[in-house]
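Shown next, in structure tokens, is the structure this report addresses.
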Amino acid sequence: MDGVTRSHFYHHGNPGRENEKQRCHFCQIRSFATHARFPVTIVNTEDDAVLDPDFRFVDNSILGKDVVPTKEEFLTGCECVDSEDCQWSTCNCLQDVEDDSSDEDDDGTYGEKPRKRVYAYHSHGTKAGHLRSRILASRNPIYECHESCGCGPDCPNRVVERGRKIPLQVFRTRNRGWGVRSTVDIKKGQFVDKYMGEVITAHEASRRRAKSHIAQRKDVYLFALDKFSDPESYDERLRGPPLEVDGEFMSGPTRFVNHSCSPNMRIFARVGDHADKHLHDLALFAIRDIPRGEELTFDYVDGVGDSENDALDPEKQKDMTKCLCGSEDCRGYLW
């Protein structure tokens, strides 16, 4: 790893070596808009391994072939004049939020119209901008305001849209390859980062699985955008096979987050414009307080089919991937 870092720090600040700079992981992460305040770093104190030179860091997902976003003329947003109104059921961006009578915040009124605080985050104090406990304990989607909305950039309902606010470090673990940790404490409910990559069609995802030498290994990097899949949907993009995010060769630092059967993060589907539900974000939030330096993890098979029951079946275990998370609640197998 010393050779890679030496080339970057001694040569990449000077003119020339453009091709080398484009492939340099340190140059890629330094180009992130958030680098100065919330840097991504890479360290290895375990061995001589380096990141795959074919991997590229990106700070936004890339749309692959045949993946088409909604045309601009069909995009809509809320018309809230006061950003504080974006916390309430009267905000158009929150029209699909399921009502929850156990909501811990008080209801209010908007003129003559009653309204309920339904957005996903705490509003005040040290927890402002953190996911509420009832959302953390669920698998409900998160609906946010976005660039097509009338509210301003300081709207409290734009947590994921504003991006990562936590420095992350990709580091070499002792027995599980690369992992991710933070150099600061992370609070329960705090947004960490999105899982990013190349967004591809279901057909292309199947082709890549077939091409991979170990299909199960490829599944580690592929995440289906299937939260809103519905064979009865009026939107044909939600009726058919979902798009998938492939983070194997292009992604952000969360691509290196390892699995745990007792994770400290969970992935939530985050929706901006409702017309682009088929392209929802995969947002990672802390589900408990995480002290700095602790490895960040999430459950790769959280809520997926019968994976947990399969891990208990001796016959199915023969074809399953062993889990190395080491937690007390380890299921023994991934899939």
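Just remember, in the structure tokens the first chain shown is A, the second B, etc., residues are 1-based per chain, and ligands are 1-based in the order shown.
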Give the alpha helix (DSSP H) residues of range 39-279 of chain A, as assigned by DSSP on the backbone, as a PyMOL selection string.
chain A and resi 133-136+202-211+215-219+236-239
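Near Gly272 in chain A, within 10 Å and counting only C-alpha atoms, sit Thr76, Gly77, Cys93, Ile142, Tyr143, Glu144, Cys145, His146, Glu147, Ser148, Cys149, Arg158, Val160, Glu161, Asp276, Lys277, Leu279, His280 and Asp281 of chain A; same-chain residues fewer than 4 positions away were not included.
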Legend entry - For Tyr195 in chain A: contacts at 12 Å, only C-alpha atoms, fewer than 6 positions along chain excluded, given as a PyMOL selection string: chain A and resi 57-62+160+163-164+221-225+244-248+250-257+266-270+280-285+298
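Minimum distance to Gln28 in chain A across A:Pro291, A:Glu46, A:Arg56, A:Gln169 (counting only C-alpha atoms) occurs at A:Arg56.
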**Asked** For Arg23 in chain A, which residue out of A:Val43, A:Cys86, A:Leu51, A:Ile186 is the nearest one, using only C-alpha atoms?
**Response**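 Comparing A:Val43, A:Cys86, A:Leu51, A:Ile186 against Arg23 in chain A, the winner is A:Leu51.
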